[in-house]
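Notes follow once the structure below has been shown.
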Amino acid sequence: MPRFSVIVPAYQVQAYLPECLDSVLSQSYPDLELIAVDDCSPDACGTIIDEYAARDARVKALHLPENQGLGGARNAGMAQACGDYLLFLDGDDTLTPDALRAIADRIKETGDPDVLVHDYARTFWTGRAERNRVAPHLTEQGPAPLRLDDRPGLLRVLMVAWNKAYRREFVEENGFAFPPGLYEDTPWTYPVLMAAESIATLDRVCVHYRQRRGSILATTSRRHFDIFEQYDRVFAFLAERPELAHWRPVLFRRMVDHFSTVFTSPGRLPKGSRGEFLRTARAHYRRHHAVGANGPLRTRLRHALVHYGLHRTYRALQWAVSVRRRAHKAGVKSVRGLRSALLQLHYRVQLRLPLRADRAVFAAYWNRGHSCNPGALEKAFRTHAPHIRTAWIARPEHHHTIPPGPRRLRPGTFAYWTALARSKYLVNNVNFDRRLRKRPGQVFVQTQHGTPLKHMGLDLQEHPAAAAGMDFEELLRGVDKWDYVLSANRHTTLTWERVYPGGYRTLEYGYPRNDVFLQATSADVTRIRESLGVPEGAVALLYAPTHRDYRRTQRPALDLDRIVRRLGPRFVILARAHYWQGGPLASADRVIDVSDHPSVESLCLAADALVTDYSSLMFDYANLDRPIVVHTEDWDAYHAARGTYFDLRSSPPGAVARTEDELIDIFATGHWRGSRSAQLRAAFRERYCRYDDGRAAERVVRHVVLGETAGLPEFVPLEQRHPVPSAASGLAHSPLATVPQPSGHPPVTESR
């Protein structure tokens, strides 16, 4: 029988669940069982739980056939528990290192109390941790164990289930269970503390309470009305136990404070329900009123709000404060130029006009041109939803990339602001203008532009050089405008949901820009190569390095002129500089600069192999099932400056070269397309190419525009996909290079 049963309910927390489970299983006190409850979660929580259960015998996987809510999931976990003590941990929170050892030592020291109350800290997306403000009530000084009468201040500690450890026999003897509905901790924690014969405290932070954006307590819902029934349960418990009647005034004050907190918290109660909430609170005030419940002046004011239901008075005060705040902001704003003022006035007027349900506006890469996932989706809109009129936003120098069909818009014009104000569908792989006011009824599809290897979003807080002064609060305001986010694999889904936390829905449909890899033909490959000037019979290597955050100037990492000289006349390099590079990568005869080519997908189709460093292009190119060679000479510097989500050298998509000479050797000896490279690529595709089967754009349009959430095209298994072959695929048995072996270390591909 284990000492602890740690019960973790999981519902739509897939991005945080692995960290939660790891925090339990990595504890220095191993005598535990971890009961992970999949509360019929629609995301990958169930799969994650099963994976942990397969790896660690201490994990019990429990899958509920129907969603029970947090309380029901905890009850299901308790029914399976065998430990001496029960602990609850929400799926997005974590135990601190050595927490269980500290709890176990304190339990032993205080003679196995019924309940042990420990401390917690709130953790925010900024990385800041804030300890519980009433921690002094958890002091370990004085007699121990104790009863609630000895330290009534414990009722001021956050009334949740996860900041305590409970003796399982005590819980079973008293028949404690969690009720359904929101605020389920209230009728659990108050009765548990009042009924406990022995309580111990631990003055130590044992749980990090994640202040997650989009949590249920921050969601607008009528479920907040559940609080009334939960307090009815608390007072019913008191009525059954007359010996606890002296707690009635204290609980009454706590109840009224809780009601007023819910009422005054912005965004919890739906529009039009605030008056109803206050009337219901007033009824409960009268129903459970207790003599001697008066408190200090501030408390009496809050009680008056609930007692008399002063809804209109409160609204009037709130309106006056809002007017004052707006007047102050207007006074401190700088005077804008006349044209800017007219544009914004025009935009505000357009916002009051009806949405155009048949309009969609697209942009990509900060208005650089028609490309990437938005470009593929714009084409799919015209194919699968021809009743939608599309428009594309691009700077004038990129208008040549826009195909016939969509209307061309210049940023900052009257037509631009009209499109943003009145188009129902907004599609981008970055954010639109920060002044965009997303209207009710508008649908923002955030396509993103790659699978993340380097740190993104909130994770950049740990890398100030890469963040370059990024405004993270502004970033999150942009995230709040998203309705849908596209993903090509689970790694991407989990990463986006954590580093871009918000209320959007993730569509694991694949990346639309990669559809072309399964749709193109050999004739398309030939045509593209001819347009680029690739000689017939040549082996074309696409070299696409990424940006280096740790460098002030972006110099080429490879000497492409030297490489083509060493490899001989059969090789050609298509050199594509990162769009922040600002210049070509080389100038040799067989190095073709394709930095300004509008379609990187076309370049991928033309190439027989990809050479890159840490660019996310490798994830997309892997869909072609063609060789990839990774150059990792400055991995340590890049990882330190930018941060990465996994070690690319340990799980690469193909051959790995640590130096330029090793890179040359890989191609000269044929290792670039050897059996080991093929094995690495197959494993890489299995991890990151599961959803890119050529019909991603169709799925998105049918779901988002046509409302077809069921009956979408099934995903084609990897082994049944047939991407267009490379032009050099028929040259497998012919010599591709006749160059001497370069001096230096041997290639690393076959040894990994």
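Labeling convention for the structure tokens: chains A, B, ... as they appear, residues from 1 per chain, ligands from 1 in order of appearance.
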
inquiry  = Could you list, as a ChimeraX atom specification, every residue within 9 Å of range 643-651 of chain A, counting only C-alpha atoms and ignoring same-chain residues fewer than 5 positions away?
reply    = /A:452-456,459-460,462-463,466,495,614,630,632,635,638,656,680,683-684,752

inquiry  = From a backbone DSSP assignment, name each residue in range 583-635 of chain A labelled alpha helix (DSSP H), as a VMD selection string.
reply    = chain A and resid 600 to 606 617 to 621 635

Would you output that residue set with C-alpha atoms, as a PDB file, in the first residue's frame?
ATOM      1  CA  VAL A 600       9.264  28.163 -50.880  1.00  0.00           C
ATOM      2  CA  GLU A 601       7.016  25.173 -51.601  1.00  0.00           C
ATOM      3  CA  SER A 602       7.996  25.330 -55.269  1.00  0.00           C
ATOM      4  CA  LEU A 603      11.649  25.431 -54.271  1.00  0.00           C
ATOM      5  CA  CYS A 604      11.131  22.318 -52.163  1.00  0.00           C
ATOM      6  CA  LEU A 605       9.567  20.534 -55.131  1.00  0.00           C
ATOM      7  CA  ALA A 606      12.528  21.498 -57.301  1.00  0.00           C
ATOM      8  CA  LEU A 617      11.358  24.159 -43.250  1.00  0.00           C
ATOM      9  CA  MET A 618      12.782  20.713 -42.460  1.00  0.00           C
ATOM     10  CA  PHE A 619       9.430  19.643 -40.984  1.00  0.00           C
ATOM     11  CA  ASP A 620       7.614  20.632 -44.157  1.00  0.00           C
ATOM     12  CA  TYR A 621      10.207  19.209 -46.531  1.00  0.00           C
ATOM     13  CA  TRP A 635      24.193  24.367 -32.138  1.00  0.00           C
TER      14      TRP A 635
END

Selection: 12 Å around Leu86 in chain A, only C-alpha atoms, excl. self and same-chain fewer than 5 positions, as a JSON list (two decimals) with N, CA, C and O atoms, in the first residue's frame:
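Printed below is result.json as written:
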[["chain", "number", "residue", "atom", "x", "y", "z"],
["A", 2, "PRO", "N", 0.73, 2.12, -0.98],
["A", 2, "PRO", "CA", 1.58, 3.31, -1.05],
["A", 2, "PRO", "C", 1.23, 4.31, 0.03],
["A", 2, "PRO", "O", 0.12, 4.31, 0.57],
["A", 3, "ARG", "N", 2.14, 5.19, 0.32],
["A", 3, "ARG", "CA", 1.90, 6.23, 1.32],
["A", 3, "ARG", "C", 0.94, 7.28, 0.76],
["A", 3, "ARG", "O", 0.07, 7.77, 1.48],
["A", 4, "PHE", "N", 1.11, 7.64, -0.52],
["A", 4, "PHE", "CA", 0.30, 8.70, -1.11],
["A", 4, "PHE", "C", -0.41, 8.19, -2.36],
["A", 4, "PHE", "O", 0.17, 7.45, -3.17],
["A", 5, "SER", "N", -1.65, 8.63, -2.51],
["A", 5, "SER", "CA", -2.39, 8.49, -3.76],
["A", 5, "SER", "C", -2.58, 9.90, -4.30],
["A", 5, "SER", "O", -3.30, 10.71, -3.71],
["A", 6, "VAL", "N", -1.91, 10.21, -5.39],
["A", 6, "VAL", "CA", -2.01, 11.53, -6.01],
["A", 6, "VAL", "C", -3.01, 11.42, -7.16],
["A", 6, "VAL", "O", -2.79, 10.69, -8.12],
["A", 7, "ILE", "N", -4.11, 12.14, -7.06],
["A", 7, "ILE", "CA", -5.20, 12.05, -8.03],
["A", 7, "ILE", "C", -5.16, 13.29, -8.92],
["A", 7, "ILE", "O", -5.25, 14.42, -8.44],
["A", 8, "VAL", "N", -5.02, 13.06, -10.21],
["A", 8, "VAL", "CA", -4.90, 14.14, -11.19],
["A", 8, "VAL", "C", -6.02, 14.03, -12.22],
["A", 8, "VAL", "O", -5.97, 13.18, -13.11],
["A", 32, "LEU", "N", 4.40, 6.19, -3.90],
["A", 32, "LEU", "CA", 3.16, 6.82, -4.32],
["A", 32, "LEU", "C", 2.51, 6.04, -5.45],
["A", 32, "LEU", "O", 3.15, 5.22, -6.12],
["A", 33, "GLU", "N", 1.25, 6.31, -5.64],
["A", 33, "GLU", "CA", 0.54, 5.91, -6.85],
["A", 33, "GLU", "C", -0.06, 7.18, -7.45],
["A", 33, "GLU", "O", -0.53, 8.06, -6.73],
["A", 34, "LEU", "N", 0.00, 7.25, -8.74],
["A", 34, "LEU", "CA", -0.52, 8.40, -9.46],
["A", 34, "LEU", "C", -1.74, 7.95, -10.24],
["A", 34, "LEU", "O", -1.63, 7.16, -11.18],
["A", 35, "ILE", "N", -2.91, 8.44, -9.83],
["A", 35, "ILE", "CA", -4.16, 8.08, -10.50],
["A", 35, "ILE", "C", -4.53, 9.23, -11.42],
["A", 35, "ILE", "O", -4.97, 10.30, -10.98],
["A", 74, "ARG", "N", -12.50, 13.61, -9.64],
["A", 74, "ARG", "CA", -11.79, 13.35, -8.38],
["A", 74, "ARG", "C", -12.44, 12.20, -7.62],
["A", 74, "ARG", "O", -11.74, 11.35, -7.04],
["A", 75, "ASN", "N", -13.76, 12.15, -7.60],
["A", 75, "ASN", "CA", -14.44, 11.04, -6.93],
["A", 75, "ASN", "C", -14.06, 9.70, -7.56],
["A", 75, "ASN", "O", -13.84, 8.71, -6.85],
["A", 77, "GLY", "N", -11.32, 8.99, -9.06],
["A", 77, "GLY", "CA", -9.96, 8.68, -8.65],
["A", 77, "GLY", "C", -9.89, 8.18, -7.22],
["A", 77, "GLY", "O", -9.14, 7.24, -6.91],
["A", 78, "MET", "N", -10.68, 8.79, -6.32],
["A", 78, "MET", "CA", -10.69, 8.34, -4.92],
["A", 78, "MET", "C", -11.16, 6.90, -4.81],
["A", 78, "MET", "O", -10.67, 6.14, -3.96],
["A", 79, "ALA", "N", -12.10, 6.50, -5.65],
["A", 79, "ALA", "CA", -12.61, 5.13, -5.60],
["A", 79, "ALA", "C", -11.54, 4.11, -5.93],
["A", 79, "ALA", "O", -11.64, 2.94, -5.54],
["A", 80, "GLN", "N", -10.50, 4.53, -6.64],
["A", 80, "GLN", "CA", -9.42, 3.62, -7.01],
["A", 80, "GLN", "C", -8.19, 3.74, -6.10],
["A", 80, "GLN", "O", -7.23, 2.99, -6.26],
["A", 81, "ALA", "N", -8.24, 4.69, -5.17],
["A", 81, "ALA", "CA", -7.05, 5.00, -4.38],
["A", 81, "ALA", "C", -6.79, 3.96, -3.30],
["A", 81, "ALA", "O", -7.72, 3.45, -2.66],
["A", 100, "LEU", "N", 6.59, 15.95, -1.75],
["A", 100, "LEU", "CA", 6.03, 14.78, -1.07],
["A", 100, "LEU", "C", 6.90, 14.34, 0.11],
["A", 100, "LEU", "O", 6.39, 13.87, 1.12],
["A", 103, "ILE", "N", 6.01, 16.67, 2.91],
["A", 103, "ILE", "CA", 4.69, 16.33, 3.44],
["A", 103, "ILE", "C", 4.76, 15.06, 4.27],
["A", 103, "ILE", "O", 4.18, 14.98, 5.37],
["A", 104, "ALA", "N", 5.45, 14.06, 3.77],
["A", 104, "ALA", "CA", 5.57, 12.80, 4.51],
["A", 104, "ALA", "C", 6.27, 13.00, 5.85],
["A", 104, "ALA", "O", 5.84, 12.44, 6.87],
["A", 114, "ASP", "N", -5.56, 13.95, 10.45],
["A", 114, "ASP", "CA", -6.61, 13.75, 9.45],
["A", 114, "ASP", "C", -6.34, 14.58, 8.20],
["A", 114, "ASP", "O", -6.57, 14.13, 7.08],
["A", 115, "VAL", "N", -5.85, 15.79, 8.41],
["A", 115, "VAL", "CA", -5.61, 16.71, 7.29],
["A", 115, "VAL", "C", -4.29, 17.44, 7.52],
["A", 115, "VAL", "O", -3.99, 17.84, 8.65],
["A", 116, "LEU", "N", -3.52, 17.60, 6.47],
["A", 116, "LEU", "CA", -2.35, 18.46, 6.51],
["A", 116, "LEU", "C", -2.55, 19.55, 5.47],
["A", 116, "LEU", "O", -2.82, 19.27, 4.30],
["A", 161, "ALA", "N", -9.02, 22.02, -2.92],
["A", 161, "ALA", "CA", -8.70, 20.67, -2.47],
["A", 161, "ALA", "C", -7.23, 20.35, -2.57],
["A", 161, "ALA", "O", -6.72, 19.48, -1.85],
["A", 162, "TRP", "N", -6.50, 21.05, -3.47],
["A", 162, "TRP", "CA", -5.14, 20.62, -3.79],
["A", 162, "TRP", "C", -4.06, 21.21, -2.90],
["A", 162, "TRP", "O", -2.87, 20.95, -3.14],
["A", 163, "ASN", "N", -4.40, 21.99, -1.88],
["A", 163, "ASN", "CA", -3.37, 22.48, -0.95],
["A", 163, "ASN", "C", -3.42, 21.74, 0.38],
["A", 163, "ASN", "O", -3.04, 22.26, 1.41],
["A", 164, "LYS", "N", -3.87, 20.49, 0.32],
["A", 164, "LYS", "CA", -4.00, 19.67, 1.53],
["A", 164, "LYS", "C", -3.72, 18.21, 1.20],
["A", 164, "LYS", "O", -3.85, 17.79, 0.05],
["A", 165, "ALA", "N", -3.35, 17.47, 2.24],
["A", 165, "ALA", "CA", -3.26, 16.01, 2.17],
["A", 165, "ALA", "C", -4.27, 15.45, 3.16],
["A", 165, "ALA", "O", -4.37, 15.94, 4.29],
["A", 166, "TYR", "N", -5.00, 14.42, 2.76],
["A", 166, "TYR", "CA", -6.12, 13.90, 3.57],
["A", 166, "TYR", "C", -5.87, 12.42, 3.88],
["A", 166, "TYR", "O", -5.57, 11.63, 2.98],
["A", 167, "ARG", "N", -6.04, 12.08, 5.16],
["A", 167, "ARG", "CA", -5.95, 10.67, 5.52],
["A", 167, "ARG", "C", -7.14, 9.94, 4.91],
["A", 167, "ARG", "O", -8.29, 10.33, 5.12],
["A", 168, "ARG", "N", -6.88, 8.93, 4.11],
["A", 168, "ARG", "CA", -7.94, 8.30, 3.32],
["A", 168, "ARG", "C", -9.02, 7.69, 4.21],
["A", 168, "ARG", "O", -10.22, 7.81, 3.91],
["A", 169, "GLU", "N", -8.65, 7.08, 5.31],
["A", 169, "GLU", "CA", -9.66, 6.49, 6.20],
["A", 169, "GLU", "C", -10.57, 7.56, 6.79],
["A", 169, "GLU", "O", -11.78, 7.33, 6.95],
["A", 170, "PHE", "N", -10.03, 8.73, 7.10],
["A", 170, "PHE", "CA", -10.85, 9.84, 7.60],
["A", 170, "PHE", "C", -11.87, 10.26, 6.55],
["A", 170, "PHE", "O", -13.05, 10.50, 6.86],
["A", 171, "VAL", "N", -11.46, 10.36, 5.32],
["A", 171, "VAL", "CA", -12.37, 10.75, 4.24],
["A", 171, "VAL", "C", -13.47, 9.71, 4.07],
["A", 171, "VAL", "O", -14.66, 10.04, 3.93],
["A", 172, "GLU", "N", -13.10, 8.43, 4.08],
["A", 172, "GLU", "CA", -14.08, 7.37, 3.86],
["A", 172, "GLU", "C", -15.05, 7.26, 5.04],
["A", 172, "GLU", "O", -16.26, 7.05, 4.84]]

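Counting only C-alpha atoms, the residue from A:Thr447, A:Asn489, A:Thr139, A:Ser595 that sits nearest to Asn373 in chain A is A:Thr447.
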
task = Quote the spacing between CA of Pro652 in chain A and CA of Arg681 in chain A in Å to one decimal place.
result =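 Distance between the two atoms: 7.5 Å.
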
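Summary of the local environment: counting only C-alpha atoms, residues at most 7 Å from Asn132 in chain A, other than itself and those fewer than 5 positions away along its chain, are Asp119, Tyr120 and Ala121 of chain A.
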
ask   = Looking only at the backbone, which of the residues in range 284-526 of chain A does DSSP tag as strand (DSSP E), as a ChimeraX atom specification?
value = /A:356-362,389-393,407-409,423-428,443-446,484-486,505-507

Residues from the last selection, N, CA, C and O atoms, saved as a compact mmCIF listing (two decimals), in the first residue's frame:
# COMPACT_ATOMS: atom_id res chain seq x y z
N ARG A 356 -19.88 41.42 -43.69
CA ARG A 356 -20.14 40.81 -44.99
C ARG A 356 -19.78 39.33 -44.88
O ARG A 356 -18.60 38.96 -44.87
N ALA A 357 -20.79 38.50 -44.81
CA ALA A 357 -20.58 37.07 -44.59
C ALA A 357 -19.90 36.40 -45.77
O ALA A 357 -19.41 35.26 -45.64
N ASP A 358 -19.86 37.07 -46.92
CA ASP A 358 -19.25 36.47 -48.11
C ASP A 358 -17.87 37.05 -48.40
O ASP A 358 -17.39 36.98 -49.53
N ARG A 359 -17.21 37.62 -47.40
CA ARG A 359 -15.89 38.23 -47.60
C ARG A 359 -14.86 37.59 -46.67
O ARG A 359 -15.15 37.29 -45.51
N ALA A 360 -13.66 37.44 -47.22
CA ALA A 360 -12.52 36.94 -46.43
C ALA A 360 -11.29 37.73 -46.82
O ALA A 360 -11.08 38.04 -48.00
N VAL A 361 -10.49 38.09 -45.84
CA VAL A 361 -9.27 38.85 -46.09
C VAL A 361 -8.08 38.06 -45.55
O VAL A 361 -8.15 37.48 -44.47
N PHE A 362 -7.01 38.03 -46.36
CA PHE A 362 -5.85 37.21 -46.07
C PHE A 362 -4.58 38.07 -46.04
O PHE A 362 -4.50 39.10 -46.71
N ARG A 389 -15.86 35.92 -51.40
CA ARG A 389 -14.97 36.80 -52.16
C ARG A 389 -13.74 37.09 -51.31
O ARG A 389 -13.84 37.54 -50.17
N THR A 390 -12.57 36.83 -51.87
CA THR A 390 -11.33 36.94 -51.11
C THR A 390 -10.56 38.21 -51.46
O THR A 390 -10.67 38.74 -52.58
N ALA A 391 -9.79 38.70 -50.50
CA ALA A 391 -8.91 39.84 -50.69
C ALA A 391 -7.58 39.53 -50.03
O ALA A 391 -7.53 38.83 -49.02
N TRP A 392 -6.50 40.05 -50.63
CA TRP A 392 -5.16 39.79 -50.09
C TRP A 392 -4.46 41.11 -49.79
O TRP A 392 -4.39 41.99 -50.63
N ILE A 393 -3.93 41.20 -48.56
CA ILE A 393 -3.20 42.39 -48.13
C ILE A 393 -1.71 42.18 -48.37
O ILE A 393 -1.13 41.20 -47.89
N ARG A 407 -8.90 40.16 -54.47
CA ARG A 407 -8.71 41.61 -54.59
C ARG A 407 -7.40 41.99 -53.90
O ARG A 407 -7.08 41.49 -52.83
N ARG A 408 -6.67 42.91 -54.50
CA ARG A 408 -5.40 43.33 -53.93
C ARG A 408 -5.59 44.56 -53.05
O ARG A 408 -6.19 45.54 -53.47
N LEU A 409 -5.06 44.49 -51.82
CA LEU A 409 -5.19 45.59 -50.87
C LEU A 409 -3.81 46.02 -50.39
O LEU A 409 -2.93 45.20 -50.16
N SER A 423 -15.08 42.12 -43.17
CA SER A 423 -14.93 40.74 -43.65
C SER A 423 -15.21 39.77 -42.51
O SER A 423 -14.70 39.93 -41.40
N LYS A 424 -15.96 38.76 -42.79
CA LYS A 424 -16.27 37.77 -41.75
C LYS A 424 -15.04 36.94 -41.41
O LYS A 424 -14.81 36.62 -40.24
N TYR A 425 -14.23 36.59 -42.42
CA TYR A 425 -13.10 35.69 -42.20
C TYR A 425 -11.78 36.46 -42.29
O TYR A 425 -11.55 37.20 -43.25
N LEU A 426 -10.95 36.30 -41.28
CA LEU A 426 -9.62 36.91 -41.22
C LEU A 426 -8.61 35.78 -41.14
O LEU A 426 -8.67 34.96 -40.22
N VAL A 427 -7.67 35.74 -42.07
CA VAL A 427 -6.71 34.63 -42.13
C VAL A 427 -5.30 35.21 -42.22
O VAL A 427 -5.03 36.05 -43.08
N ASN A 428 -4.42 34.76 -41.35
CA ASN A 428 -3.04 35.26 -41.34
C ASN A 428 -2.15 34.21 -40.70
O ASN A 428 -2.64 33.35 -39.94
N VAL A 443 -14.37 35.65 -37.75
CA VAL A 443 -13.66 34.41 -37.50
C VAL A 443 -12.20 34.59 -37.90
O VAL A 443 -11.90 34.82 -39.07
N PHE A 444 -11.31 34.50 -36.93
CA PHE A 444 -9.87 34.68 -37.16
C PHE A 444 -9.23 33.30 -37.19
O PHE A 444 -9.21 32.59 -36.19
N VAL A 445 -8.67 32.93 -38.35
CA VAL A 445 -7.93 31.69 -38.49
C VAL A 445 -6.44 32.01 -38.46
O VAL A 445 -5.92 32.64 -39.38
N GLN A 446 -5.78 31.62 -37.39
CA GLN A 446 -4.35 31.81 -37.25
C GLN A 446 -3.68 30.53 -37.76
O GLN A 446 -3.71 29.49 -37.12
N TYR A 484 -9.33 30.03 -34.40
CA TYR A 484 -8.78 28.73 -34.77
C TYR A 484 -7.27 28.88 -34.98
O TYR A 484 -6.80 29.90 -35.49
N VAL A 485 -6.55 27.84 -34.58
CA VAL A 485 -5.11 27.77 -34.82
C VAL A 485 -4.83 26.43 -35.48
O VAL A 485 -5.31 25.39 -35.03
N LEU A 486 -4.05 26.45 -36.55
CA LEU A 486 -3.76 25.22 -37.29
C LEU A 486 -2.53 24.54 -36.71
O LEU A 486 -1.61 25.18 -36.20
N ARG A 505 -9.58 27.37 -30.72
CA ARG A 505 -9.67 25.93 -30.94
C ARG A 505 -8.56 25.52 -31.90
O ARG A 505 -8.37 26.15 -32.94
N THR A 506 -7.84 24.48 -31.56
CA THR A 506 -6.78 23.98 -32.41
C THR A 506 -7.34 22.99 -33.42
O THR A 506 -8.06 22.06 -33.05
N LEU A 507 -7.02 23.19 -34.68
CA LEU A 507 -7.44 22.29 -35.75
C LEU A 507 -6.22 21.48 -36.19
O LEU A 507 -5.34 21.99 -36.87

note = Using only C-alpha atoms, the shortest atom-to-atom distance to Trp482 in chain A among A:Ala523, A:Glu66, A:Ser531, A:Asn429 belongs to A:Asn429

ask   = Smallest atom-to-atom distance to Asp149 in chain A: which of A:His639, A:Lys60, A:His118, A:His246, using only C-alpha atoms?
value = A:His246

key: Residues within 12 Å of Phe237 in chain A, only C-alpha atoms, excluding chain neighbours under 3 positions, as a PyMOL selection string   = chain A and resi 174-176+186-192+194-195+230-234+240-245+247-248+251

query = Which is closest to Ala281 in chain A among A:His224, A:His208, A:Arg268, A:Arg566, if we use only C-alpha atoms?
reply = A:His224

request  = Enter the distance from CA of Glu473 in chain A to CA of Gly502 in chain A, in Å, rounded to one decimal.
outcome  = 12.4 Å

task = Just give me the gap between CA of Phe414 in chain A and CA of Tyr347 in chain A in Å, one decimal is fine.
result = 7.8 Å
